[in-house]
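> One structure, as C-alpha cells, below. Some questions next.
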Amino acid sequence: MTIPERLGLPHAGYGVGLRNVHFAHILNHNPAVDWFEIISENYMDSHGPPRYVLDQIAERYPVVMHGVSLSIGSSDPLDMDYLRKLRSLADSVGSLWVSDHVCWTGIAGLNAHDLLPVPFTEATLRHVIERIRIVQDVLERPLVLENPSTYVTFARSTMTEAEFLTRMATEADCGLLLDVNNVYVSSVNHDLDPQEFIRNLPHERVVQFHLAGHTSYGTHCIDTHDSEVIDPVWDLYRLAHELTGGASTLLEWDAKIPPFPVVHQEVLKAVDRINHRLTPAETMDETPPRPENGFARPDEGTATVPQPATMISAEVE
Amino acid sequence: MPELSAAGESVEPQENPRELAIIQQWFQTVIMHPDGVTAGVDSAEARQQIDISPDELEQVVTRSAARSSLQRMEVYANAYYARLLECMGNEFPALQHAVGEEAFGGFAFGFLQQYPSSSYTLAELGSRFPRYLKESRPPGEGGSPWWMDFVIDLATYERACSEVFDAPGPEGEPWLTADNLAAVPPEQWSSARLRLVQPLRLMTFDYPVHDYVTAVRQGREPAAPVQAVTRLAVSRRDYIVRRNVVTEIQFELLRALQQGLRLGEALEAAVTAVPDPQVDLAAELGNWFRDWAAAGLIRGISTDSDPEPPTEPAAAPKQD
C-alpha cells in the first residue's frame, strides 16, 4: 500500500507558534504568516480573551492545534472529557490537524506538566498504539505525534526511538511531527547520531516540522525555546526536508520572546536553508556549540525550564 | 535489572502488563520528591515500585557519556518545580512582590506538595492556592501575623481575577443605558429584576488589595497595606478584569440582586443586613443604578409587563 505523503494533509507553509504577547501585533498588522500553531490547552476551556483572539485569528489564518496534555503514553486511562473538548475546539477553529507528543505527563491522576519520556519497549508500543487508535476515533482525524526532547533513557528500552516512532506511526496509522531541534537535543543528551535518527523515520508520515532554539550546557542540552535556531539544527532540517519532500514548518519561541517580526523572520530562514547546500567545510557538527561561538551556557545553578511552560495570565485594570 | 516488586509479580520484564505503570509511578515519585532525586529514589513510595538505592539508579535510567543517571534525572526534578513555580508567579505577581521571591517560592513549594496539579490545564494550577494559604496559617488566636491575612487576601483576589478573565463574559451583549432605566415606570421598580453582568464576583477583604495589585501590575511600587475593610465587585468589560469598590449597603444590594430577588425584595434584604446604611437610599439609588449601568455591572432590567420572562439568575453565584 502506498501511503500518501503527509497522510494527504496539506503543506501549510511556514508558520509560527501563537503566543499571547503577540496577540495585539497579529490582530493589528495581519502579518503575512502562512499559518499559526496554538497550544490546545490554552484555549480548550477559555471563554475570555484567549478564545476571542483565537477566533479572529482562525478567521484569517490556517490553524493547527498542538497539545501538551494528551499523555498518550501514560498508564492512566485516557481522559475522555479532555478528548471531547479537544475535538470540539478542533471542529470550531478548523484545525488542519491535531498534534501532541510521544510522552506521558503524569500518573495516578496527577499532571507534572512536563513531556516525560517513555521506555521504548514492546509493551509501551502496544499501549501507545491502542490509545492512538482511540484518540483518532474520537477526533475523527489523524493524530500527529511529536518526538519530545528527552533527558534520560531507560535501561529497559529494547528499541531505538526512531524504531519506536516508525512502528507506532505505521501500525497506528498516525502522522509524525518531527521536531528537528528535539532530535538534536536528545542526540546530544544520549550520545546518538541525529542524522541516523532522521534517516530511519517513515518519511511519508512526517506531516510537520518543528524548529526552535535550545540551551547548551556543554555536557547536555535543554529544550528552552528561547533563542534562534542554531546551524546544526538547520542542517538537520535540510536533511529532513530532502528525505520527506518537505512539510509544514513551524517555529516555536516560548521564553525571552522577541517582537513578532523577529520570530516570523526566523521561520522564514527555512526557505534559504532548504536551498543552501552543504560544503565540505560545513559537515554536520554534532558537538555542542561553545560559549565563545555566541551560544549561551547558563549557570548550572540557574533553573532552566524546559518547554512546555504554557499559560496565559489575566489582564487586570 | 531491578525486580519490579509491585504486587509481588515475578514475570519476564517485557510480559509484565504493569511494567509501564510501575516505571511511571516510580519516575513521578522521584521527580516530585521535595528533597530531590536521591531522596526520591530512596523513598518508601519509590522503593515500593522499584526497589533500588540511589547508587543503583543506572539499573533503571542509563547514564550518558558525560552525565550520570542522577544528573540526568535531576533535569526533570528541577524542571518540575521550576516550571510550576514560574506559572504560580505569573498568576500571583502581586503576592510574589509583597512577600518577595524567596518567601513566595516557599509558599508555592509547599502548595505544590500539598495540592499537586491534577488538571490537564495550567489555568487550574492556582485554584487551590488561597485555600492552601488559609490552611497553612498558624493556628490559634494571635498566632497568625497580620501580613498572613494580607497574603491570603492578595491570593484570593488574584485568583478571582484569573477566573473572571477567562469566564464566559458580557462582551458583545448590548449595554443598559440611562434611557433604559428611565423607561421603567416608577410603580414597577419594586417588582423589577436587574440582570447583573456575568461574571461578577462580590468579594470582601480586610485590605485594599485591588490598589496593591494594580500598582504592581503597572510597575509602580505599591503603598504599604493598611487594614481597611474593602468590598469589591469584580467583573470583566472589553476583555479586561475590572473592579468597583462598593459600600457595605451597595454590596448587600448587589448580592441580593445577584441572587435573583426583585428590586423591592433586594432592598429589603440589604437594609436588613445593614440597618444603618448612613445614606439616603431614596436619593442615591438612582445614581447607583446609573453608575453601575455605566460600569457595565447591570446588563438588563425586566418588569412584569415585559413580554419576555426575566432572565434566570446564574446558578449558585459565587460569593467570597
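Each chain of the C-alpha cells is named A, B, ... in the order shown, its residues numbered from 1; ligands are numbered from 1 in display order.
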Identify every residue of chain B that has at least one atom within 8 Å of any atom of chain A, counting only C-alpha atoms, and report the result as a PyMOL selection string.
chain B and resi 14-15+17+20-21+24-25+28+58-67+69+72-73+75-76+78-80+82-84+87+90-91+116-123+161-162+165-169+214+217+239-243
> DSSP on the backbone: what in stretch 111-166 of chain A comes out strand (DSSP E), as a list in words?
Leu143, Val144, Leu145 and Glu146 of chain A
> Could you write those residues out with all heavy atoms, as an mmCIF file, in the first residue's frame?

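As a result, again-v1.cif now contains:
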```cif
data_model
loop_
_atom_site.group_PDB
_atom_site.id
_atom_site.type_symbol
_atom_site.label_atom_id
_atom_site.label_comp_id
_atom_site.auth_asym_id
_atom_site.auth_seq_id
_atom_site.Cartn_x
_atom_site.Cartn_y
_atom_site.Cartn_z
ATOM 1 N N LEU A 143 -4.132 11.764 14.219
ATOM 2 C CA LEU A 143 -3.335 12.359 15.282
ATOM 3 C C LEU A 143 -1.892 12.433 14.783
ATOM 4 O O LEU A 143 -1.407 11.502 14.138
ATOM 5 C CB LEU A 143 -3.422 11.505 16.545
ATOM 6 C CG LEU A 143 -2.644 11.998 17.769
ATOM 7 C CD1 LEU A 143 -3.178 13.340 18.260
ATOM 8 C CD2 LEU A 143 -2.721 10.955 18.883
ATOM 9 N N VAL A 144 -1.246 13.536 15.067
ATOM 10 C CA VAL A 144 0.142 13.724 14.652
ATOM 11 C C VAL A 144 0.978 13.846 15.925
ATOM 12 O O VAL A 144 0.702 14.701 16.761
ATOM 13 C CB VAL A 144 0.277 14.988 13.774
ATOM 14 C CG1 VAL A 144 1.732 15.213 13.393
ATOM 15 C CG2 VAL A 144 -0.601 14.858 12.528
ATOM 16 N N LEU A 145 1.962 12.980 16.080
ATOM 17 C CA LEU A 145 2.711 12.940 17.337
ATOM 18 C C LEU A 145 4.165 13.338 17.142
ATOM 19 O O LEU A 145 4.803 12.952 16.165
ATOM 20 C CB LEU A 145 2.619 11.549 17.958
ATOM 21 C CG LEU A 145 1.237 11.220 18.553
ATOM 22 C CD1 LEU A 145 1.180 9.762 18.991
ATOM 23 C CD2 LEU A 145 0.896 12.143 19.715
ATOM 24 N N GLU A 146 4.658 14.071 18.121
ATOM 25 C CA GLU A 146 6.000 14.670 18.062
ATOM 26 C C GLU A 146 6.984 13.914 18.945
ATOM 27 O O GLU A 146 6.642 13.485 20.048
ATOM 28 C CB GLU A 146 5.907 16.133 18.528
ATOM 29 C CG GLU A 146 7.256 16.812 18.693
ATOM 30 C CD GLU A 146 7.128 18.231 19.248
ATOM 31 O OE1 GLU A 146 6.001 18.766 19.267
ATOM 32 O OE2 GLU A 146 8.155 18.793 19.654
#
```
> Do a neighbour search on A:Val135 at 12 Å with only C-alpha atoms, toss out local chain neighbours closer than 6 positions, and write the hits as a list in words.
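That gives Leu70, Ser71, Ile72, Pro77, Leu78, Asp79, Met80, Asp81, Tyr82, Leu83, Arg84, Leu86, Arg87, Val98, Ser99, Asp100, Val128, Ile129, Arg141, Pro142, Leu143, Val144, Leu145, Ala172, Asp173 and Cys174 of chain A.
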> With only C-alpha atoms counted and 9 Å as the cut-off, give the residues of stretch 32-109 of chain A in contact with stretch 246-259 of chain A, each with its shortest interatomic distance in Å and the pair that gives it, as JSON lines.

```
{"residue": "A:Trp35", "atom": "CA", "partner": "A:Leu250", "partner_atom": "CA", "distance": 8.5}
{"residue": "A:Phe36", "atom": "CA", "partner": "A:Leu250", "partner_atom": "CA", "distance": 8.0}
{"residue": "A:Glu37", "atom": "CA", "partner": "A:Leu250", "partner_atom": "CA", "distance": 7.5}
```
> Considering only C-alpha atoms, state which residue in the set A:Lys85, A:Gly94, A:Asn182, A:Leu239 is at the smallest distance from A:Val63.
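Of A:Lys85, A:Gly94, A:Asn182, A:Leu239, the one nearest A:Val63 is A:Gly94, counting only C-alpha atoms.
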